[in-house]
Each structure stands twice: as C-alpha cells, then as structure tokens.
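Q: What follows is protein-v2.cif, made up of mmCIF, C-alpha atoms:
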data_data
loop_
_atom_site.label_atom_id
_atom_site.label_comp_id
_atom_site.auth_asym_id
_atom_site.auth_seq_id
_atom_site.Cartn_x
_atom_site.Cartn_y
_atom_site.Cartn_z
CA MET A 1 0.00 0.00 0.00
CA LYS A 2 1.06 3.57 -0.59
CA VAL A 3 -0.09 7.05 0.47
CA ILE A 4 1.02 10.12 -1.44
CA GLY A 5 1.12 13.54 0.17
CA ILE A 6 0.76 16.60 -2.06
CA CYS A 7 2.20 19.79 -0.58
CA GLY A 8 0.80 22.99 -2.08
CA SER A 9 3.07 25.37 -0.18
CA PRO A 10 5.47 27.63 -2.08
CA ARG A 11 7.96 27.42 0.82
CA LYS A 12 9.28 24.95 3.37
CA GLY A 13 7.28 25.50 6.53
CA ASN A 14 4.21 24.49 8.48
CA THR A 15 2.25 22.75 5.72
CA GLU A 16 5.18 20.57 4.72
CA TRP A 17 5.96 19.78 8.36
CA MET A 18 2.36 18.71 8.97
CA LEU A 19 2.28 16.48 5.88
CA ARG A 20 5.59 14.88 6.87
CA LYS A 21 4.27 14.16 10.38
CA LEU A 22 1.09 12.66 8.95
CA LEU A 23 3.06 10.47 6.54
CA GLU A 24 5.40 9.38 9.37
CA GLY A 25 2.33 8.16 11.27
CA VAL A 26 1.09 6.26 8.22
CA ALA A 27 4.54 4.74 7.64
CA LYS A 28 4.54 3.32 11.19
CA ALA A 29 1.84 0.91 9.96
CA GLY A 30 4.20 -0.39 7.27
CA ILE A 31 2.58 1.65 4.50
CA ASP A 32 4.85 3.25 1.89
CA THR A 33 4.63 7.02 1.63
CA GLU A 34 5.78 9.72 -0.76
CA LEU A 35 5.68 13.49 -0.47
CA ILE A 36 5.37 15.55 -3.65
CA LEU A 37 6.40 19.17 -3.18
CA LEU A 38 4.56 21.11 -5.87
CA ARG A 39 6.99 24.04 -5.52
CA GLU A 40 9.73 21.79 -6.92
CA ARG A 41 7.70 20.70 -9.93
CA ASP A 42 7.06 22.23 -13.33
CA ILE A 43 3.27 22.09 -13.48
CA LYS A 44 1.58 24.37 -15.96
CA ALA A 45 -1.98 25.64 -15.60
CA CYS A 46 -4.81 23.71 -17.20
CA ASP A 47 -5.76 25.48 -20.42
CA GLY A 48 -9.26 24.00 -20.56
CA CYS A 49 -8.71 22.46 -24.00
CA LEU A 50 -10.69 19.32 -23.00
CA SER A 51 -8.40 17.10 -25.09
CA CYS A 52 -8.40 14.73 -22.09
CA GLU A 53 -12.14 14.24 -22.62
CA ALA A 54 -12.11 14.04 -26.41
CA GLY A 55 -10.35 12.25 -29.20
CA GLY A 56 -11.88 8.83 -28.74
CA LYS A 57 -10.90 5.98 -26.47
CA GLU A 58 -7.17 6.21 -27.23
CA ARG A 59 -6.95 9.91 -26.15
CA LYS A 60 -9.45 9.98 -23.28
CA GLY A 61 -7.66 10.58 -19.99
CA VAL A 62 -4.50 11.96 -21.62
CA CYS A 63 -3.43 15.54 -21.01
CA SER A 64 -1.90 17.39 -23.95
CA ILE A 65 0.30 19.56 -21.70
CA GLN A 66 3.80 18.14 -21.37
CA ASP A 67 5.23 18.87 -17.93
CA ASP A 68 5.87 17.09 -14.62
CA MET A 69 2.24 15.98 -14.32
CA GLN A 70 3.05 13.26 -16.86
CA GLN A 71 5.23 11.58 -14.19
CA ILE A 72 2.79 12.28 -11.36
CA TYR A 73 -0.37 10.86 -13.01
CA PRO A 74 0.68 7.19 -12.81
CA ARG A 75 1.76 7.61 -9.17
CA LEU A 76 -1.61 9.09 -8.24
CA ILE A 77 -3.43 6.28 -10.03
CA LYS A 78 -1.37 3.60 -8.25
CA ALA A 79 -1.64 5.26 -4.81
CA ASP A 80 -4.02 3.73 -2.32
CA GLY A 81 -4.62 7.01 -0.47
CA LEU A 82 -3.87 10.72 -0.71
CA ALA A 83 -3.15 13.62 1.65
CA PHE A 84 -3.41 17.19 0.37
CA GLY A 85 -1.83 20.05 2.29
CA THR A 86 -2.12 23.77 1.66
CA PRO A 87 -1.38 27.09 3.28
CA VAL A 88 -4.39 29.38 3.25
CA TYR A 89 -4.42 32.53 1.15
CA PHE A 90 -7.41 34.86 1.35
CA GLU A 91 -9.28 31.97 3.02
CA MET A 92 -8.72 29.77 -0.06
CA LEU A 93 -6.36 27.06 -1.33
CA SER A 94 -2.89 27.98 -2.49
CA GLY A 95 -2.59 28.58 -6.22
CA LEU A 96 -0.10 25.68 -6.43
CA LEU A 97 -2.59 23.18 -5.04
CA LYS A 98 -5.56 24.52 -7.00
CA GLY A 99 -3.57 24.37 -10.24
CA PHE A 100 -2.54 20.81 -9.43
CA MET A 101 -6.13 19.79 -8.70
CA ASP A 102 -7.28 21.29 -12.00
CA ARG A 103 -4.66 19.22 -13.82
CA THR A 104 -6.04 15.96 -12.38
CA CYS A 105 -8.99 16.26 -14.76
CA PRO A 106 -7.63 13.55 -17.11
CA ILE A 107 -7.43 10.97 -14.31
CA TRP A 108 -10.07 11.97 -11.76
CA PRO A 109 -12.31 8.95 -12.49
CA ARG A 110 -9.36 6.73 -11.56
CA LEU A 111 -9.11 8.39 -8.14
CA GLU A 112 -12.57 7.14 -7.23
CA LEU A 113 -12.93 5.48 -3.82
CA LYS A 114 -9.40 6.38 -2.70
CA PRO A 115 -9.36 7.74 0.87
CA ILE A 116 -8.13 11.32 1.14
CA VAL A 117 -7.30 13.66 4.02
CA GLY A 118 -6.66 17.40 4.10
CA ILE A 119 -4.29 19.70 5.96
CA ALA A 120 -4.53 23.49 6.05
CA VAL A 121 -2.47 26.16 7.80
CA ALA A 122 -3.57 29.78 8.13
CA GLU A 123 -2.57 32.90 9.98
CA GLU A 124 -6.08 33.75 11.14
CA SER A 125 -8.78 31.62 9.49
CA THR A 126 -8.88 28.56 7.24
CA GLY A 127 -11.96 30.02 5.57
CA ARG A 128 -13.41 27.66 2.93
CA VAL A 129 -10.28 25.55 2.37
CA ILE A 130 -11.55 22.37 3.99
CA HIS A 131 -14.86 22.78 2.18
CA ASN A 132 -12.90 23.15 -1.09
CA LEU A 133 -10.88 20.00 -0.41
CA ARG A 134 -14.02 18.04 0.51
CA THR A 135 -15.74 19.26 -2.65
CA TYR A 136 -12.80 18.11 -4.76
CA ALA A 137 -12.89 14.71 -3.06
CA SER A 138 -16.63 14.45 -3.67
CA VAL A 139 -16.38 15.41 -7.35
CA CYS A 140 -13.67 12.75 -7.80
CA GLY A 141 -15.74 10.17 -5.91
CA MET A 142 -13.05 9.86 -3.25
CA ARG A 143 -13.67 8.96 0.40
CA TRP A 144 -13.12 11.96 2.67
CA VAL A 145 -11.50 10.70 5.88
CA GLY A 146 -10.82 13.92 7.78
CA HIS A 147 -8.61 16.94 8.21
CA VAL A 148 -6.33 18.85 10.55
CA THR A 149 -6.02 22.62 10.53
CA ALA A 150 -3.61 24.88 12.38
CA LEU A 151 -3.01 28.57 12.90
CA ALA A 152 0.53 29.91 12.54
CA LYS A 153 2.23 33.16 11.60
CA THR A 154 5.82 31.94 11.25
CA PRO A 155 7.26 29.07 9.15
CA LYS A 156 8.19 26.74 12.06
CA GLN A 157 5.49 27.67 14.55
CA VAL A 158 3.27 24.59 14.15
CA SER A 159 6.14 22.21 14.94
CA ASN A 160 6.00 23.46 18.55
CA ASP A 161 2.29 22.70 18.96
CA ARG A 162 1.87 19.25 20.58
CA GLY A 163 -1.90 19.46 20.06
CA VAL A 164 -1.43 19.64 16.30
CA GLU A 165 1.01 16.73 16.44
CA ARG A 166 -1.54 14.62 18.37
CA ARG A 167 -4.31 15.48 15.90
CA LEU A 168 -2.04 14.50 13.00
CA ALA A 169 -1.32 11.14 14.67
CA MET A 170 -5.08 10.58 15.05
CA LEU A 171 -5.66 11.52 11.40
CA ALA A 172 -2.92 9.10 10.34
CA ARG A 173 -4.71 6.30 12.24
CA LYS A 174 -8.01 7.21 10.59
CA LEU A 175 -6.36 7.14 7.16
CA ILE A 176 -4.78 3.75 7.92
CA ASP A 177 -8.18 2.40 9.00
CA ALA A 178 -9.75 3.73 5.78
CA LEU A 179 -7.04 2.04 3.71
CA MET A 180 -7.80 -1.27 5.40
CA THR A 181 -11.54 -1.19 4.63
#
Take the structure from the file and write it as structure tokens.
A:
Amino acid sequence: MKVIGICGSPRKGNTEWMLRKLLEGVAKAGIDTELILLRERDIKACDGCLSCEAGGKERKGVCSIQDDMQQIYPRLIKADGLAFGTPVYFEMLSGLLKGFMDRTCPIWPRLELKPIVGIAVAEESTGRVIHNLRTYASVCGMRWVGHVTALAKTPKQVSNDRGVERRLAMLARKLIDALMT
C-alpha cells in the first residue's frame, strides 16, 4: 500500500511539516509514503482544452500539456490514499494546489474510492479551504476521511504545537483504517 502527500506550499514551513508528520504516522503501519512538493515541480496551468475528454478511447484521460504531471499521473493512479496540504491565502487554497487539482482532470475517475485527508495552515482563518478539499474529493468520488487545521504566523510555529502533532497522529490512524476497509 502507498499514500502520497501533495504539498501545495510555495515554501518549506508548516504545511510541509504537517504532511511529513502525517506520513510518518502512516509509515509506522508499514505503508509506503511519498511526499510531492509542488513548488519543486514544473506544473503548468490547465488550459481548458478538453483534449483529455475528447479524441476517442485512445486519447481519453490523456493531457496534452507536457510537464511534470506526466510523471505524477501514474503515481496518483497507483496510490491507495492521498493527503493534500495547503497554506491558506485569502481563506482559499494555495494557487499551487488549485492548479494541481485542475490538472487531475484527465485521471479523476481513476481516483474514485481512494481515501483522502486534508491539511490546512492559516494565519487567522482557514476560511473555505476544507470545504474546497471536501468538494474536490466528492467530485472525484473519493472517500473523505478527515482533516487537521492549524493557525501559525511563522514558518516553524506549528512544529512546537503538541496538540497539532496529536491530531495529525489521530488523522494518520483514521487514514490507515480507511485504507484497510
């Protein structure tokens, strides 16, 4: 089994730390994990061409944009579970994570039934981020397992919050349970 974490933060900080802690908890159950840092990838914006939905059986599910998503698609399809993490900007998802989610259009039917969890970090309010992540999961037919949010103003602040660490451990156990059912 494998769980892939997708980090939508443009910098190394709280979101990445939280995803790493979550994945550490999952790995303790003998489950393989991988963390994809979107800031280190060349992922272009979806241009809405719909070529992934057209062109007959041989083209359906294939994106015409050639970038790092071509290597990520097969990993997402093979993954047994997913964890999305984002900092919060103007009470919404980061642009990196939203752009990534848009680019999953060619494969979203193949994400169906996979368990997914969400992580969000904000200075003052997480706004609609968890709702956005749950909506994405619903549209893809994925199984929403839960989320952890945190408030932080500095890049390493969350790592000092034992309450957040405990909630991440609980979320990891919930994700493991979901993978086993």
Q: Apply the PyMOL selection byres ((chain A and resi 61) around 6) to the file shown and report the selected residues as a list in words.
A: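 Taken over the shown coordinates, the PyMOL selection byres ((chain A and resi 61) around 6) returns Cys52, Lys60, Val62, Pro106 and Ile107 of chain A.
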Q: Could you spell out the hits of the PyMOL selection byres ((chain A and resi 103) around 10) on the shown file, as an MDAnalysis selection string?
A: chainID A and resid 43:48 63 65 69 73 97:102 104:108
Q: One number please: atom CA of A:Glu112 to atom CA of A:Arg167, in Å, one decimal.
A: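 The value is 25.9 Å.
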Q: Determine, counting only C-alpha atoms, which protein, DNA and RNA residues have an atom within 8 Å of an atom of A:Val26; residues of the same chain fewer than 5 positions away are not included. Present the result as a ChimeraX atom specification.
A: /A:3,31-33,172-173,175-176
Q: Generate a file of the selected residues that holds C-alpha atoms, formatted as a PDB file, in the coordinates of the input.
A:
ATOM      1  CA  VAL A   3      -0.090   7.050   0.470  1.00  0.00           C
ATOM      2  CA  ILE A  31       2.580   1.650   4.500  1.00  0.00           C
ATOM      3  CA  ASP A  32       4.850   3.250   1.890  1.00  0.00           C
ATOM      4  CA  THR A  33       4.630   7.020   1.630  1.00  0.00           C
ATOM      5  CA  ALA A 172      -2.920   9.100  10.340  1.00  0.00           C
ATOM      6  CA  ARG A 173      -4.710   6.300  12.240  1.00  0.00           C
ATOM      7  CA  LEU A 175      -6.360   7.140   7.160  1.00  0.00           C
ATOM      8  CA  ILE A 176      -4.780   3.750   7.920  1.00  0.00           C
TER       9      ILE A 176
END
Q: One decimal, in Å: what's the spacing between atom CA of A:Gly5 and atom CA of A:Ile36?
A: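 Taking atom CA of A:Gly5 as the start and atom CA of A:Ile36 as the end point, the length is 6.1 Å.
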Q: What do you get, as a short mmCIF file (atom, residue, chain, number, x, y, z; two decimals) with C-alpha atoms, in the frame of the given file, if you spell out every residue that the PyMOL selection byres ((chain A and resi 39) around 10) selects here?
A:
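So result-v5.cif came out as:
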data_model
loop_
_atom_site.label_atom_id
_atom_site.label_comp_id
_atom_site.auth_asym_id
_atom_site.auth_seq_id
_atom_site.Cartn_x
_atom_site.Cartn_y
_atom_site.Cartn_z
CA CYS A 7 2.20 19.79 -0.58
CA GLY A 8 0.80 22.99 -2.08
CA SER A 9 3.07 25.37 -0.18
CA PRO A 10 5.47 27.63 -2.08
CA ARG A 11 7.96 27.42 0.82
CA LYS A 12 9.28 24.95 3.37
CA ILE A 36 5.37 15.55 -3.65
CA LEU A 37 6.40 19.17 -3.18
CA LEU A 38 4.56 21.11 -5.87
CA GLU A 40 9.73 21.79 -6.92
CA ARG A 41 7.70 20.70 -9.93
CA ASP A 42 7.06 22.23 -13.33
CA ILE A 43 3.27 22.09 -13.48
CA LEU A 96 -0.10 25.68 -6.43
CA LEU A 97 -2.59 23.18 -5.04
#
Q: Taking only C-alpha atoms into account, which of A:Gly95, A:Leu168, A:Arg162, A:Pro74 comes nearest A:Val117?
A: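 Answer, going by the shortest atom-to-atom distance: A:Leu168.
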Q: Quote the spacing between atom CA of A:Glu16 and atom CA of A:Gln157 in Å to one decimal place.
A: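 If I compute the distance from atom CA of A:Glu16 to atom CA of A:Gln157, I get 12.1 Å.
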Q: Leaving out A:Glu34 and any residue of its chain fewer than 2 positions from it, which residues lie within 12 Å of it when counting all atoms listed in the file, given as a PyMOL selection string?
A: chain A and resi 1-7+19-20+22-24+26-27+31-32+36-37+72+75-76+79-84
Q: Hey, which of A:Asn14, A:Glu124, A:Thr154, A:Pro109 ends up closest to A:Val139? Count all atoms listed in the file.
A: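 Ranked by minimum distance to A:Val139, first place goes to A:Pro109.
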Q: Centre and edge lengths, as lines of an AutoDock Vina configuration file, for the axis-aligned box enclosing every listed atom of stretch 44-55 of chain A with 6 Å of padding on each of the six sides, in Å to one decimal?
A:
center_x = -5.3
center_y = 18.9
center_z = -22.4
size_x = 25.7
size_y = 25.4
size_z = 25.6
Q: Just want the 6 Å neighbourhood of stretch 125-136 of chain A, counted on all atoms listed in the file, with same-chain residues fewer than 5 positions away dropped. Output as a list in words.
A: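 With the cut-off at 6 Å, the set is Glu91, Met92 and Leu93 of chain A.
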Q: As a PDB file with C-alpha atoms, in the coordinates of the input, please: the residues near A:Ala137 (cut-off 8 Å, all atoms listed in the file, same-chain neighbours under 6 positions excluded).
A:
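And here's around.pdb as it stands now:
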ATOM      1  CA  ILE A 116      -8.130  11.320   1.140  1.00  0.00           C
ATOM      2  CA  ARG A 143     -13.670   8.960   0.400  1.00  0.00           C
ATOM      3  CA  TRP A 144     -13.120  11.960   2.670  1.00  0.00           C
TER       4      TRP A 144
END
Q: Nearest to A:Gly146 among A:Ala178, A:Leu113, A:Val158, A:Ala122, with distances taken over all atoms listed in the file: which residue is it?
A: A:Ala178
Q: Just so I have it separately, write stretch 101-118 of chain A from the block I sent, keeping N, CA and C atoms, as a compact mmCIF listing (two decimals), in the first residue's frame.
A:
# COMPACT_ATOMS: atom_id res chain seq x y z
N MET A 101 -4.82 20.45 -8.69
CA MET A 101 -6.13 19.79 -8.70
C MET A 101 -6.79 19.92 -10.07
N ASP A 102 -6.72 21.10 -10.66
CA ASP A 102 -7.28 21.29 -12.00
C ASP A 102 -6.65 20.32 -13.01
N ARG A 103 -5.37 20.08 -12.87
CA ARG A 103 -4.66 19.22 -13.82
C ARG A 103 -4.94 17.74 -13.61
N THR A 104 -5.67 17.37 -12.55
CA THR A 104 -6.04 15.96 -12.38
C THR A 104 -7.28 15.59 -13.19
N CYS A 105 -7.80 16.52 -13.94
CA CYS A 105 -8.99 16.26 -14.76
C CYS A 105 -8.86 15.00 -15.63
N PRO A 106 -7.72 14.75 -16.27
CA PRO A 106 -7.63 13.55 -17.11
C PRO A 106 -7.75 12.23 -16.34
N ILE A 107 -7.43 12.24 -15.04
CA ILE A 107 -7.43 10.97 -14.31
C ILE A 107 -8.44 10.91 -13.17
N TRP A 108 -9.23 11.96 -12.96
CA TRP A 108 -10.07 11.97 -11.76
C TRP A 108 -10.96 10.74 -11.63
N PRO A 109 -11.48 10.15 -12.71
CA PRO A 109 -12.31 8.95 -12.49
C PRO A 109 -11.51 7.79 -11.90
N ARG A 110 -10.20 7.81 -12.08
CA ARG A 110 -9.36 6.73 -11.56
C ARG A 110 -8.92 6.98 -10.12
N LEU A 111 -9.36 8.10 -9.55
CA LEU A 111 -9.11 8.39 -8.14
C LEU A 111 -10.28 7.94 -7.27
N GLU A 112 -11.34 7.52 -7.92
CA GLU A 112 -12.57 7.14 -7.23
C GLU A 112 -12.31 6.10 -6.13
N LEU A 113 -12.95 6.33 -5.00
CA LEU A 113 -12.93 5.48 -3.82
C LEU A 113 -11.62 5.53 -3.02
N LYS A 114 -10.63 6.25 -3.49
CA LYS A 114 -9.40 6.38 -2.70
C LYS A 114 -9.70 7.25 -1.47
N PRO A 115 -9.20 6.86 -0.30
CA PRO A 115 -9.36 7.74 0.87
C PRO A 115 -8.43 8.95 0.74
N ILE A 116 -8.90 10.08 1.22
CA ILE A 116 -8.13 11.32 1.14
C ILE A 116 -8.33 12.11 2.44
N VAL A 117 -7.25 12.78 2.86
CA VAL A 117 -7.30 13.66 4.02
C VAL A 117 -6.78 15.03 3.60
N GLY A 118 -7.11 16.04 4.40
CA GLY A 118 -6.66 17.40 4.10
C GLY A 118 -5.96 18.05 5.28
